[in-house]
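Pasting entry38.cif here (mmCIF, C-alpha atoms (C1' of nucleotides)):
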```cif
data_final
#
loop_
_atom_site.label_atom_id
_atom_site.label_comp_id
_atom_site.auth_asym_id
_atom_site.auth_seq_id
_atom_site.Cartn_x
_atom_site.Cartn_y
_atom_site.Cartn_z
CA MET P 216 252.54 76.13 283.80
CA SER P 217 254.01 74.90 287.07
CA ARG P 218 257.43 76.41 286.85
CA ARG P 219 260.08 73.90 287.73
CA ARG P 220 257.67 71.68 289.54
CA ASN P 221 257.44 73.94 292.57
CA ALA P 222 254.87 76.55 293.46
CA LEU P 223 251.24 75.83 292.81
CA LYS P 224 249.48 77.96 290.24
CA CYS P 225 246.78 79.35 292.44
CA GLU P 226 248.40 79.68 295.81
CA PRO P 227 245.64 80.22 298.40
CA ILE P 228 246.22 82.93 300.97
CA THR P 229 248.21 81.41 303.76
CA SER P 230 247.87 82.46 307.36
CA GLY P 231 249.85 81.64 310.46
CA SER P 232 251.06 78.11 310.83
CA CYS P 233 249.63 77.17 307.48
CA ALA P 234 252.33 79.18 305.72
CA VAL P 235 254.89 76.84 307.18
CA THR P 236 252.97 73.94 305.79
CA ARG P 237 253.01 75.48 302.33
CA GLN P 238 256.76 75.85 302.48
CA GLN P 239 257.13 72.33 303.76
CA GLU P 240 254.94 71.02 301.01
CA GLU P 241 257.16 72.63 298.40
CA ARG P 242 260.26 71.42 300.16
CA LEU P 243 259.05 67.86 300.44
CA ALA P 244 258.09 67.84 296.78
CA ALA P 245 261.52 69.17 295.83
CA LEU P 246 263.35 66.60 297.91
CA ALA P 247 261.18 63.78 296.63
CA TRP P 248 261.75 64.99 293.11
CA GLY P 249 265.44 64.42 293.66
CA LEU P 250 264.76 60.75 294.36
CA ALA P 251 262.12 60.41 291.67
CA HIS P 252 264.35 58.85 289.05
CA PRO P 253 266.03 55.43 289.25
CA LEU P 254 269.33 56.79 288.05
CA ARG P 255 269.42 59.41 290.76
CA VAL P 256 268.61 56.78 293.36
CA ARG P 257 271.41 54.68 292.00
CA ILE P 258 273.80 57.59 292.23
CA LEU P 259 272.83 58.12 295.86
CA GLN P 260 273.30 54.44 296.58
CA LEU P 261 276.74 54.59 295.03
CA LEU P 262 277.66 57.61 297.12
CA THR P 263 276.45 55.77 300.19
CA LYS P 264 278.58 52.76 299.43
CA ARG P 265 281.70 54.74 298.69
CA GLU P 266 281.20 57.61 301.09
CA THR P 267 282.45 59.95 298.41
CA CYS P 268 282.95 59.64 294.73
CA VAL P 269 284.54 61.50 291.86
CA CYS P 270 282.14 62.32 289.08
CA GLY P 271 284.02 60.14 286.61
CA GLU P 272 283.64 57.11 288.85
CA ILE P 273 279.91 57.71 288.97
CA VAL P 274 279.74 57.91 285.20
CA GLU P 275 281.59 54.61 284.90
CA GLU P 276 278.98 52.87 287.03
CA MET P 277 276.00 54.30 285.20
CA PRO P 278 274.57 53.02 281.93
CA VAL P 279 274.15 56.48 280.44
CA ALA P 280 276.29 59.21 278.94
CA GLN P 281 278.47 61.54 280.94
CA SER P 282 276.32 64.55 280.14
CA THR P 283 273.24 62.74 281.39
CA VAL P 284 274.89 61.87 284.68
CA SER P 285 275.95 65.47 285.00
CA GLN P 286 272.38 66.62 284.53
CA HIS P 287 271.13 64.26 287.22
CA LEU P 288 273.89 65.39 289.55
CA LYS P 289 272.70 68.92 288.98
CA VAL P 290 269.19 67.95 290.02
CA LEU P 291 270.53 66.26 293.13
CA LYS P 292 272.59 69.33 293.96
CA GLU P 293 269.65 71.66 293.48
CA ALA P 294 267.58 69.55 295.84
CA GLY P 295 270.40 69.77 298.34
CA LEU P 296 270.77 66.00 298.42
CA VAL P 297 274.42 66.00 297.38
CA HIS P 298 277.32 68.39 297.48
CA GLY P 299 280.16 68.65 295.03
CA GLU P 300 283.66 69.66 296.02
CA ILE P 301 286.15 70.71 293.40
CA ASP P 302 289.34 68.72 293.74
CA GLY P 303 291.78 69.80 291.09
CA PRO P 304 290.39 68.85 287.72
CA ARG P 305 287.81 66.56 289.31
CA VAL P 306 284.67 67.06 291.33
CA CYS P 307 284.12 64.98 294.41
CA TYR P 308 280.51 64.32 295.27
CA TYR P 309 279.07 63.27 298.59
CA ILE P 310 275.65 62.91 300.11
CA ASN P 311 274.27 65.59 302.36
CA PRO P 312 272.95 63.58 305.31
CA ALA P 313 270.98 66.54 306.65
CA SER P 314 268.77 66.56 303.58
CA LEU P 315 267.92 62.90 304.02
CA LEU P 316 267.04 63.59 307.62
CA GLU P 317 264.90 66.50 306.53
CA LEU P 318 263.17 64.29 304.00
CA LYS P 319 262.45 61.61 306.56
CA GLU P 320 261.08 64.15 308.99
CA LEU P 321 258.79 65.68 306.40
CA ILE P 322 257.51 62.27 305.41
CA GLY P 323 257.05 61.47 309.05
CA GLN P 324 254.58 64.32 309.30
CA LEU P 325 252.30 62.70 306.76
CA MET J 268 262.64 56.60 275.99
CA SER J 269 262.42 55.93 279.72
CA ARG J 270 258.97 54.50 279.92
CA ARG J 271 257.00 55.99 282.76
CA ARG J 272 260.04 57.00 284.69
CA ASN J 273 260.89 53.51 285.83
CA ALA J 274 263.35 51.04 284.39
CA LEU J 275 266.70 52.29 283.24
CA LYS J 276 267.47 52.10 279.56
CA CYS J 277 270.57 49.98 279.76
CA GLU J 278 269.96 47.71 282.68
CA PRO J 279 273.24 46.01 283.64
CA ILE J 280 273.14 42.31 284.31
CA THR J 281 272.10 41.87 287.89
CA SER J 282 273.32 39.05 290.05
CA GLY J 283 272.43 37.83 293.49
CA SER J 284 271.77 40.46 296.10
CA CYS J 285 272.25 43.20 293.57
CA ALA J 286 268.98 42.33 291.90
CA VAL J 287 267.18 43.27 295.05
CA THR J 288 268.89 46.61 295.01
CA ARG J 289 267.74 47.23 291.45
CA GLN J 290 264.17 46.50 292.42
CA GLN J 291 264.46 48.70 295.45
CA GLU J 292 265.92 51.47 293.39
CA GLU J 293 262.93 51.38 291.06
CA ARG J 294 260.55 51.18 293.97
CA LEU J 295 262.08 54.10 295.79
CA ALA J 296 261.99 56.19 292.64
CA ALA J 297 258.34 55.30 292.10
CA LEU J 298 257.36 56.16 295.65
CA ALA J 299 259.32 59.40 295.57
CA TRP J 300 257.72 60.26 292.28
CA GLY J 301 254.38 60.13 294.04
CA LEU J 302 255.53 62.87 296.40
CA ALA J 303 257.34 64.83 293.74
CA HIS J 304 254.62 67.36 293.10
CA PRO J 305 253.36 69.97 295.58
CA LEU J 306 249.75 69.21 294.82
CA ARG J 307 250.19 65.54 295.59
CA VAL J 308 251.92 66.40 298.84
CA ARG J 309 249.04 68.67 299.67
CA ILE J 310 246.56 65.90 298.95
CA LEU J 311 248.45 63.57 301.26
CA GLN J 312 248.53 66.21 303.96
CA LEU J 313 244.80 66.65 303.61
CA LEU J 314 244.23 62.92 303.88
CA THR J 315 246.41 62.87 306.98
CA LYS J 316 244.42 65.65 308.61
CA ARG J 317 241.06 64.14 307.79
CA GLU J 318 241.95 60.47 308.01
CA THR J 319 239.81 59.84 304.98
CA CYS J 320 238.32 62.08 302.37
CA VAL J 321 235.85 61.94 299.55
CA CYS J 322 237.28 62.99 296.22
CA GLY J 323 234.97 65.98 295.99
CA GLU J 324 236.25 67.33 299.28
CA ILE J 325 239.78 67.07 298.02
CA VAL J 326 238.88 68.96 294.87
CA GLU J 327 237.32 71.73 296.95
CA GLU J 328 240.56 72.24 298.84
CA MET J 329 242.76 72.28 295.78
CA PRO J 330 243.33 75.24 293.46
CA VAL J 331 243.02 73.19 290.29
CA ALA J 332 240.31 71.55 288.24
CA GLN J 333 238.61 68.33 289.18
CA SER J 334 240.15 66.43 286.32
CA THR J 335 243.60 67.52 287.41
CA VAL J 336 243.03 66.34 290.95
CA SER J 337 241.78 63.07 289.57
CA GLN J 338 244.96 62.64 287.57
CA HIS J 339 247.12 63.27 290.61
CA LEU J 340 245.07 60.84 292.63
CA LYS J 341 245.72 58.28 289.94
CA VAL J 342 249.45 58.83 290.29
CA LEU J 343 249.21 58.44 294.04
CA LYS J 344 247.20 55.26 293.62
CA GLU J 345 249.67 53.82 291.15
CA ALA J 346 252.50 54.46 293.58
CA GLY J 347 250.46 52.70 296.23
CA LEU J 348 250.46 55.77 298.44
CA VAL J 349 246.68 56.03 298.64
CA HIS J 350 243.73 53.74 298.23
CA GLY J 351 240.31 54.61 296.95
CA GLU J 352 237.16 52.92 298.13
CA ILE J 353 233.96 53.25 296.18
CA ASP J 354 231.15 54.42 298.41
CA GLY J 355 228.01 54.74 296.38
CA PRO J 356 228.50 57.51 293.87
CA ARG J 357 231.58 58.79 295.68
CA VAL J 358 235.09 57.56 296.14
CA CYS J 359 236.66 57.67 299.55
CA TYR J 360 240.42 58.08 299.58
CA TYR J 361 242.79 57.28 302.36
CA ILE J 362 246.52 57.03 302.82
CA ASN J 363 248.25 53.67 302.77
CA PRO J 364 250.49 53.86 305.83
CA ALA J 365 252.49 50.82 304.74
CA SER J 366 253.75 52.66 301.68
CA LEU J 367 254.99 55.55 303.78
CA LEU J 368 256.77 53.09 306.01
CA GLU J 369 258.28 51.44 302.97
CA LEU J 370 259.41 54.80 301.70
CA LYS J 371 261.05 55.69 304.98
CA GLU J 372 262.80 52.37 305.13
CA LEU J 373 264.17 52.70 301.62
CA ILE J 374 265.40 56.19 302.33
CA GLY J 375 266.92 54.90 305.53
CA GLN J 376 269.11 52.60 303.49
CA LEU J 377 270.74 55.52 301.73
"C1'" DA V 50 213.32 55.43 282.79
"C1'" DT V 51 215.20 59.90 283.60
"C1'" DC V 52 217.70 63.23 285.90
"C1'" DG V 53 221.43 64.90 288.80
"C1'" DT V 54 225.62 63.96 291.17
"C1'" DT V 55 230.20 62.22 291.39
"C1'" DC V 56 234.34 60.91 289.55
"C1'" DA V 57 237.33 58.87 285.80
"C1'" DT V 58 238.87 59.26 281.26
"C1'" DC V 59 239.66 61.48 276.70
"C1'" DG V 60 241.72 64.85 273.81
"C1'" DT V 61 244.65 68.61 273.52
"C1'" DA V 62 248.18 72.17 274.26
"C1'" DG V 63 252.22 73.99 276.35
"C1'" DA V 64 256.09 73.26 279.24
"C1'" DA V 65 259.47 70.31 281.36
"C1'" DT V 66 262.29 66.03 281.48
"C1'" DG V 67 265.67 62.95 279.95
"C1'" DA V 68 268.67 61.38 276.64
"C1'" DC V 69 272.43 62.18 273.43
"C1'" DG V 70 276.63 64.22 271.04
"C1'" DA V 71 279.24 68.33 270.67
"C1'" DT V 72 281.24 72.10 272.69
"C1'" DT V 73 283.18 74.92 276.39
"C1'" DA V 74 285.58 75.92 280.72
"C1'" DG V 75 288.89 74.82 284.02
"C1'" DT V 76 292.90 72.30 285.76
"C1'" DT V 77 297.14 69.60 285.49
"C1'" DA V 78 301.12 67.90 283.11
"C1'" DA V 79 304.60 68.11 279.66
"C1'" DT T 42 302.07 77.34 275.49
"C1'" DT T 43 300.27 73.23 274.29
"C1'" DA T 44 298.08 69.08 275.14
"C1'" DA T 45 295.23 66.04 277.81
"C1'" DC T 46 291.81 65.26 281.00
"C1'" DT T 47 287.55 66.20 283.66
"C1'" DA T 48 283.13 67.89 284.15
"C1'" DA T 49 279.55 71.31 283.05
"C1'" DT T 50 276.80 73.36 279.60
"C1'" DC T 51 274.60 73.86 274.99
"C1'" DG T 52 271.48 72.48 271.37
"C1'" DT T 53 268.33 69.20 269.90
"C1'" DC T 54 264.87 65.70 269.82
"C1'" DA T 55 261.42 62.49 271.57
"C1'" DT T 56 258.72 61.61 275.41
"C1'" DT T 57 256.28 62.71 279.52
"C1'" DC T 58 253.83 65.84 282.73
"C1'" DT T 59 250.43 68.98 283.96
"C1'" DA T 60 246.68 71.55 283.14
"C1'" DC T 61 242.16 72.27 281.17
"C1'" DG T 62 237.35 71.51 279.33
"C1'" DA T 63 234.46 68.06 277.56
"C1'" DT T 64 232.74 63.67 277.64
"C1'" DG T 65 231.57 59.21 279.62
"C1'" DA T 66 230.37 55.83 283.25
"C1'" DA T 67 228.35 54.56 287.56
"C1'" DC T 68 225.22 55.30 291.13
"C1'" DG T 69 221.08 57.21 293.79
"C1'" DA T 70 216.89 59.55 293.84
"C1'" DT T 71 212.69 60.83 291.79
#
```
Encoded form (structure tokens):
Amino acid sequence: MSRRRNALKCEPITSGSCAVTRQQEERLAALAWGLAHPLRVRILQLLTKRETCVCGEIVEEMPVAQSTVSQHLKVLKEAGLVHGEIDGPRVCYYINPASLLELKELIGQL
Amino acid sequence: MSRRRNALKCEPITSGSCAVTRQQEERLAALAWGLAHPLRVRILQLLTKRETCVCGEIVEEMPVAQSTVSQHLKVLKEAGLVHGEIDGPRVCYYINPASLLELKELIGQL
DNA sequence: ATCGTTCATCGTAGAATGACGATTAGTTAA
DNA sequence: TTAACTAATCGTCATTCTACGATGAACGAT
């Protein structure tokens, strides 16, 4: 059940402004999910420090295998927290500041 | 592996100010984990709207079983996002504003 | 003391996560 | 083209999450 940790099983009928809230609730959960693992937080911290970072550099800094880092990067990308730009044979990752702003705003509504 | 989604497997030796960062990274992940499910977000929204809320009222508003709500409340409690106060046969839950502030501050450092 | 209410916990089942090594796809260099 | 390098994906396995019903514990009322 609970496919990909979004969408509640028994979604109540939403009306008017409440529908927005439902969307926001899914969005907040998705964004938070991106930060919900220490390794992903560490990746974001690294990207903050270095502004931008090639995937290989990230892997070097992390205590896990390359494939694991790649999986976490995928999660971060799906949440919209980072973007990846292909640069020749490498991929250059950077934080999406708008998503962090969005996250802070959604938390601010709580 | 990865016990309870905190603590990285292969923790590098931490020194000086970096140790703080490691702690913060775990803390941020733990707080985010609390928000990382739509139902938990919905619970927090409900607590925001009503200031405080008896467990039974929360269950009524949620599309899942009582035991499931109870489990999610446990997660929120463990993250420090909510507190529960025993009030006779009921339990009265309320948000811990300090934890939300902490969360925002940690995100702000990214 | 007994019953009913409220909520936490137990036990379980299915799905998802997180980790790894191996493989594949894509790009650059020789 | 071939070889080397980079990063994503695949396949697998152990663990964790999420959901449920059932049970248990704590309290108030009768």
Problem set entry | Picked residues, the PyMOL selection byres ((chain V and resi 54) around 12), expected as a list in words | Gly323, Gly355, Pro356 and Arg357 of chain J; DC52, DG53, DT55 and DC56 of chain V; DA67, DC68, DG69 and DA70 of chain T
Which residues, named as in the file, does the PyMOL selection byres ((chain P) within 9 of (chain T)) pick out? Answer as a compact mmCIF listing (two decimals) with C-alpha atoms, keeping the file's coordinate frame.
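Full text of selection-v3.txt as output:
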```
# COMPACT_ATOMS: atom_id res chain seq x y z
CA MET P 216 252.54 76.13 283.80
CA SER P 217 254.01 74.90 287.07
CA CYS P 270 282.14 62.32 289.08
CA GLY P 271 284.02 60.14 286.61
CA GLN P 281 278.47 61.54 280.94
CA SER P 282 276.32 64.55 280.14
CA SER P 285 275.95 65.47 285.00
CA GLN P 286 272.38 66.62 284.53
CA PRO P 304 290.39 68.85 287.72
CA ARG P 305 287.81 66.56 289.31
CA VAL P 306 284.67 67.06 291.33
```
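You will find atom CA of Pro330 of chain J at 11.5 Å from atom CA of Pro305 of chain J.
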For this session: Measure the distance from atom CA of Trp248 of chain P to atom CA of Val331 of chain J in Å and round it to one decimal.
Result: 20.6 Å
Could you produce a table of the residues of chain J lying within 10 Å of chain P, with the nearest pair of atoms per residue and their separation in Å rounded to one decimal, using only C-alpha atoms, ordered by chain and increasing residue number, as CSV?
```
residue,atom,partner,partner_atom,distance
J:Ser269,CA,P:His252,CA,10.0
J:Arg272,CA,P:His252,CA,6.4
J:Asn273,CA,P:Pro253,CA,6.5
J:Ala274,CA,P:Pro253,CA,7.1
J:Leu275,CA,P:Pro253,CA,6.8
J:Lys276,CA,P:Pro278,CA,7.5
J:Cys277,CA,P:Pro278,CA,5.5
J:Glu278,CA,P:Pro278,CA,7.1
J:Pro279,CA,P:Pro278,CA,7.3
J:Thr288,CA,P:Arg257,CA,9.0
J:Arg289,CA,P:Arg257,CA,8.3
J:Gln290,CA,P:Pro253,CA,9.7
J:Gln291,CA,P:Pro253,CA,9.3
J:Glu292,CA,P:Pro253,CA,5.7
J:Glu293,CA,P:Pro253,CA,5.4
J:Arg294,CA,P:Pro253,CA,8.4
J:Leu295,CA,P:Leu250,CA,7.3
J:Ala296,CA,P:Ala251,CA,4.3
J:Ala297,CA,P:Ala251,CA,6.4
J:Leu298,CA,P:Ala251,CA,7.5
J:Ala299,CA,P:Ala247,CA,4.9
J:Trp300,CA,P:Ala251,CA,4.4
J:Gly301,CA,P:Ala251,CA,8.1
J:Leu302,CA,P:Ala244,CA,5.6
J:Ala303,CA,P:Ala244,CA,4.3
J:His304,CA,P:Ala244,CA,5.1
J:Pro305,CA,P:Ala244,CA,5.3
J:Leu306,CA,P:Leu223,CA,7.1
J:Arg307,CA,P:Ala244,CA,8.3
J:Val308,CA,P:Glu240,CA,5.9
J:Arg309,CA,P:Glu240,CA,6.5
J:Leu311,CA,P:Leu325,CA,6.8
J:Gln312,CA,P:Leu325,CA,5.9
J:Leu313,CA,P:Leu325,CA,9.0
J:Leu314,CA,P:Leu325,CA,8.6
J:Thr315,CA,P:Leu325,CA,5.9
J:Lys316,CA,P:Leu325,CA,8.6
J:Glu328,CA,P:Pro227,CA,9.5
J:Met329,CA,P:Cys225,CA,8.8
J:Pro330,CA,P:Cys225,CA,5.5
J:Val331,CA,P:Cys225,CA,7.5
J:Ile362,CA,P:Leu325,CA,9.0
J:Pro364,CA,P:Leu325,CA,9.1
J:Leu367,CA,P:Ile322,CA,7.4
J:Leu368,CA,P:Gly323,CA,8.9
J:Leu370,CA,P:Ile322,CA,8.6
J:Lys371,CA,P:Lys319,CA,6.3
J:Glu372,CA,P:Lys319,CA,9.4
J:Ile374,CA,P:Leu315,CA,7.4
J:Gly375,CA,P:Lys319,CA,8.1
J:Gln376,CA,P:Gln260,CA,8.3
J:Leu377,CA,P:Gln260,CA,5.9
```
Give as an mmCIF file with C-alpha atoms (C1' of nucleotides), in the frame of the given file every residue of chain V that touches chain P within 12 Å, counting all atoms listed in the file.
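Saved result, iface02.cif, follows:
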```
data_model
loop_
_atom_site.group_PDB
_atom_site.id
_atom_site.type_symbol
_atom_site.label_atom_id
_atom_site.label_comp_id
_atom_site.auth_asym_id
_atom_site.auth_seq_id
_atom_site.Cartn_x
_atom_site.Cartn_y
_atom_site.Cartn_z
ATOM 1 C "C1'" DA V 62 248.180 72.170 274.260
ATOM 2 C "C1'" DG V 63 252.220 73.990 276.350
ATOM 3 C "C1'" DA V 64 256.090 73.260 279.240
ATOM 4 C "C1'" DA V 65 259.470 70.310 281.360
ATOM 5 C "C1'" DT V 66 262.290 66.030 281.480
ATOM 6 C "C1'" DG V 67 265.670 62.950 279.950
ATOM 7 C "C1'" DA V 68 268.670 61.380 276.640
ATOM 8 C "C1'" DC V 69 272.430 62.180 273.430
ATOM 9 C "C1'" DG V 70 276.630 64.220 271.040
ATOM 10 C "C1'" DA V 71 279.240 68.330 270.670
ATOM 11 C "C1'" DT V 72 281.240 72.100 272.690
ATOM 12 C "C1'" DA V 74 285.580 75.920 280.720
ATOM 13 C "C1'" DG V 75 288.890 74.820 284.020
ATOM 14 C "C1'" DT V 76 292.900 72.300 285.760
ATOM 15 C "C1'" DT V 77 297.140 69.600 285.490
ATOM 16 C "C1'" DA V 78 301.120 67.900 283.110
#
```
Exercise. To one decimal place, how far is atom C1' of DG60 of chain V from atom CA of Leu343 of chain J in Å?
Worked result: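 A separation of 22.5 Å between them.
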Exercise. When the PyMOL selection byres ((chain P and resi 298) around 7) is applied to the file above, which residues end up in the set, as a PyMOL selection string?
Worked result: chain P and resi 292+297+299-300+308-311
Next, dump the selected residues to file, keeping only C-alpha atoms, as a PDB file, in the frame of the given file.
```pdb
ATOM      1  CA  LYS P 292     272.590  69.330 293.960  1.00  0.00           C
ATOM      2  CA  VAL P 297     274.420  66.000 297.380  1.00  0.00           C
ATOM      3  CA  GLY P 299     280.160  68.650 295.030  1.00  0.00           C
ATOM      4  CA  GLU P 300     283.660  69.660 296.020  1.00  0.00           C
ATOM      5  CA  TYR P 308     280.510  64.320 295.270  1.00  0.00           C
ATOM      6  CA  TYR P 309     279.070  63.270 298.590  1.00  0.00           C
ATOM      7  CA  ILE P 310     275.650  62.910 300.110  1.00  0.00           C
ATOM      8  CA  ASN P 311     274.270  65.590 302.360  1.00  0.00           C
TER       9      ASN P 311
END
```
Is there a way to complete segment 319-347 of chain J with N, CA and C atoms and then write that out as a PDB file, keeping the file's coordinate frame?
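Saved to part_26.pdb:
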```
ATOM      1  N   THR J 319     240.357  60.335 306.234  1.00  0.00           N
ATOM      2  CA  THR J 319     239.810  59.840 304.980  1.00  0.00           C
ATOM      3  C   THR J 319     239.055  60.991 304.333  1.00  0.00           C
ATOM      4  N   CYS J 320     238.837  60.908 303.064  1.00  0.00           N
ATOM      5  CA  CYS J 320     238.320  62.080 302.370  1.00  0.00           C
ATOM      6  C   CYS J 320     237.706  61.679 301.041  1.00  0.00           C
ATOM      7  N   VAL J 321     236.493  62.160 300.825  1.00  0.00           N
ATOM      8  CA  VAL J 321     235.850  61.940 299.550  1.00  0.00           C
ATOM      9  C   VAL J 321     236.526  62.809 298.498  1.00  0.00           C
ATOM     10  N   CYS J 322     236.597  62.297 297.321  1.00  0.00           N
ATOM     11  CA  CYS J 322     237.280  62.990 296.220  1.00  0.00           C
ATOM     12  C   CYS J 322     236.815  64.426 296.078  1.00  0.00           C
ATOM     13  N   GLY J 323     235.524  64.639 296.149  1.00  0.00           N
ATOM     14  CA  GLY J 323     234.970  65.980 295.990  1.00  0.00           C
ATOM     15  C   GLY J 323     235.499  66.952 297.028  1.00  0.00           C
ATOM     16  N   GLU J 324     235.698  66.466 298.238  1.00  0.00           N
ATOM     17  CA  GLU J 324     236.250  67.330 299.280  1.00  0.00           C
ATOM     18  C   GLU J 324     237.670  67.723 298.959  1.00  0.00           C
ATOM     19  N   ILE J 325     238.412  66.769 298.408  1.00  0.00           N
ATOM     20  CA  ILE J 325     239.780  67.070 298.020  1.00  0.00           C
ATOM     21  C   ILE J 325     239.789  68.156 296.953  1.00  0.00           C
ATOM     22  N   VAL J 326     238.945  67.984 295.964  1.00  0.00           N
ATOM     23  CA  VAL J 326     238.880  68.960 294.870  1.00  0.00           C
ATOM     24  C   VAL J 326     238.587  70.350 295.422  1.00  0.00           C
ATOM     25  N   GLU J 327     237.671  70.424 296.382  1.00  0.00           N
ATOM     26  CA  GLU J 327     237.320  71.730 296.950  1.00  0.00           C
ATOM     27  C   GLU J 327     238.527  72.438 297.555  1.00  0.00           C
ATOM     28  N   GLU J 328     239.412  71.655 298.140  1.00  0.00           N
ATOM     29  CA  GLU J 328     240.560  72.240 298.840  1.00  0.00           C
ATOM     30  C   GLU J 328     241.704  72.590 297.898  1.00  0.00           C
ATOM     31  N   MET J 329     241.628  72.097 296.690  1.00  0.00           N
ATOM     32  CA  MET J 329     242.760  72.280 295.780  1.00  0.00           C
ATOM     33  C   MET J 329     242.470  73.376 294.762  1.00  0.00           C
ATOM     34  N   PRO J 330     243.505  74.110 294.369  1.00  0.00           N
ATOM     35  CA  PRO J 330     243.330  75.240 293.460  1.00  0.00           C
ATOM     36  C   PRO J 330     243.376  74.846 291.993  1.00  0.00           C
ATOM     37  N   VAL J 331     242.993  73.633 291.686  1.00  0.00           N
ATOM     38  CA  VAL J 331     243.020  73.190 290.290  1.00  0.00           C
ATOM     39  C   VAL J 331     241.718  72.471 289.966  1.00  0.00           C
ATOM     40  N   ALA J 332     241.565  72.138 288.707  1.00  0.00           N
ATOM     41  CA  ALA J 332     240.310  71.550 288.240  1.00  0.00           C
ATOM     42  C   ALA J 332     240.138  70.124 288.746  1.00  0.00           C
ATOM     43  N   GLN J 333     238.923  69.676 288.707  1.00  0.00           N
ATOM     44  CA  GLN J 333     238.610  68.330 289.180  1.00  0.00           C
ATOM     45  C   GLN J 333     239.370  67.269 288.412  1.00  0.00           C
ATOM     46  N   SER J 334     239.467  67.449 287.125  1.00  0.00           N
ATOM     47  CA  SER J 334     240.150  66.430 286.320  1.00  0.00           C
ATOM     48  C   SER J 334     241.631  66.365 286.674  1.00  0.00           C
ATOM     49  N   THR J 335     242.182  67.501 287.025  1.00  0.00           N
ATOM     50  CA  THR J 335     243.600  67.520 287.410  1.00  0.00           C
ATOM     51  C   THR J 335     243.805  66.791 288.723  1.00  0.00           C
ATOM     52  N   VAL J 336     242.939  67.046 289.668  1.00  0.00           N
ATOM     53  CA  VAL J 336     243.030  66.340 290.950  1.00  0.00           C
ATOM     54  C   VAL J 336     242.904  64.844 290.716  1.00  0.00           C
ATOM     55  N   SER J 337     242.006  64.480 289.859  1.00  0.00           N
ATOM     56  CA  SER J 337     241.780  63.070 289.570  1.00  0.00           C
ATOM     57  C   SER J 337     243.043  62.423 288.995  1.00  0.00           C
ATOM     58  N   GLN J 338     243.712  63.148 288.131  1.00  0.00           N
ATOM     59  CA  GLN J 338     244.960  62.640 287.570  1.00  0.00           C
ATOM     60  C   GLN J 338     246.014  62.431 288.650  1.00  0.00           C
ATOM     61  N   HIS J 339     246.125  63.394 289.546  1.00  0.00           N
ATOM     62  CA  HIS J 339     247.120  63.270 290.610  1.00  0.00           C
ATOM     63  C   HIS J 339     246.752  62.125 291.557  1.00  0.00           C
ATOM     64  N   LEU J 340     245.489  61.959 291.796  1.00  0.00           N
ATOM     65  CA  LEU J 340     245.070  60.840 292.630  1.00  0.00           C
ATOM     66  C   LEU J 340     245.441  59.512 291.971  1.00  0.00           C
ATOM     67  N   LYS J 341     245.342  59.483 290.665  1.00  0.00           N
ATOM     68  CA  LYS J 341     245.720  58.280 289.940  1.00  0.00           C
ATOM     69  C   LYS J 341     247.206  57.972 290.137  1.00  0.00           C
ATOM     70  N   VAL J 342     248.018  59.011 290.069  1.00  0.00           N
ATOM     71  CA  VAL J 342     249.450  58.830 290.290  1.00  0.00           C
ATOM     72  C   VAL J 342     249.702  58.292 291.700  1.00  0.00           C
ATOM     73  N   LEU J 343     249.037  58.887 292.656  1.00  0.00           N
ATOM     74  CA  LEU J 343     249.210  58.440 294.040  1.00  0.00           C
ATOM     75  C   LEU J 343     248.751  57.005 294.220  1.00  0.00           C
ATOM     76  N   LYS J 344     247.684  56.641 293.545  1.00  0.00           N
ATOM     77  CA  LYS J 344     247.200  55.260 293.620  1.00  0.00           C
ATOM     78  C   LYS J 344     248.200  54.304 293.001  1.00  0.00           C
ATOM     79  N   GLU J 345     248.722  54.701 291.842  1.00  0.00           N
ATOM     80  CA  GLU J 345     249.670  53.820 291.150  1.00  0.00           C
ATOM     81  C   GLU J 345     250.941  53.605 291.956  1.00  0.00           C
ATOM     82  N   ALA J 346     251.321  54.606 292.719  1.00  0.00           N
ATOM     83  CA  ALA J 346     252.500  54.460 293.580  1.00  0.00           C
ATOM     84  C   ALA J 346     252.165  53.668 294.829  1.00  0.00           C
ATOM     85  N   GLY J 347     250.870  53.438 295.034  1.00  0.00           N
ATOM     86  CA  GLY J 347     250.460  52.700 296.230  1.00  0.00           C
ATOM     87  C   GLY J 347     250.379  53.565 297.468  1.00  0.00           C
TER      88      GLY J 347
END
```
